[in-house]
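Written out below as structure tokens is the structure these notes cover.
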Amino acid sequence: MPENANAGLKPNFLQFISGFGVQALVHLGRMPNPQSGETRLDMPNAKYSIDLLGILQEKTKGNLTPEEDRYLADILRDLRLIYVEAANQAGKEKDKKGEASSSEEEKESRPPVQTPTA
């Protein structure tokens with residue numbers, strides 16, 4: 001990236017919040033990682049990014065413009081919903097894997113079936 005890629009851009013609070021939102025979406029597997037191009041689920045880091053936004057909301061209460069306050073509330077709501085969906089999906093996949101592996105274990109632990117000989 002060129003050194004002056006951000007030249008002329010004026011940083012603002014909405015862009016700052018958006019950065020954390022994008023980071024959370026990358027960790028939630030909803031966007032590819034901009035460095036690696038890889039898309040993967042990383043729940044602990046997604047939670048951390050969402051929690052940071054929650055701290056920002058708490059610590060800036062009463063100091064934001066109505067637009068900033070609404071934007072932060074909306075992005076937090078959306079990210080929390082996506083997080084819950086991802087956690088539920090990960091739990092279902094884990095259950096499916098657990099069922100599959102326990103079925104395999106049951107098959108392996110059963111004694112061989114002996115057929116009567118005449």
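Within each chain, counting starts at residue 1; across the structure tokens, chains are named A, B, ... in the order shown, with ligands numbered 1 upward in that order.
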
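Near stretch 72-79 of chain A, within 10 Å and counting only C-alpha atoms, sit A:Phe13, A:Leu14, A:Ile17, A:Ser18, A:Phe20, A:Gly21, A:Val22, A:Ala24, A:Leu25, A:Leu28, A:Ala46, A:Lys47, A:Ser49, A:Ile50, A:Asp51, A:Leu53, A:Gly54, A:Leu56, A:Gln57, A:Leu64, A:Pro66, A:Glu85, not including residues fewer than 6 positions from it in the same chain.
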
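Restricting the calculation to only C-alpha atoms, the smallest distance between A:Arg80 and any of A:Gly98, A:Thr65, A:Gln15, A:Tyr48 is found for A:Tyr48.
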
Quiz item: Near A:His27, counting only C-alpha atoms, which residues have an atom at most 7 Å away, once you skip same-chain residues fewer than 6 positions from it, shown as a list of chain:residue names?
Solution: A:Arg40, A:Leu41, A:Asp42, A:Met43, A:Asn45, A:Ala46

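Going from atom CA of A:Lys96 over to atom CA of A:Gly37, you cover 28.0 Å.
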
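Atom CA of A:Ile82 is positioned 20.2 Å from atom CA of A:Phe16.
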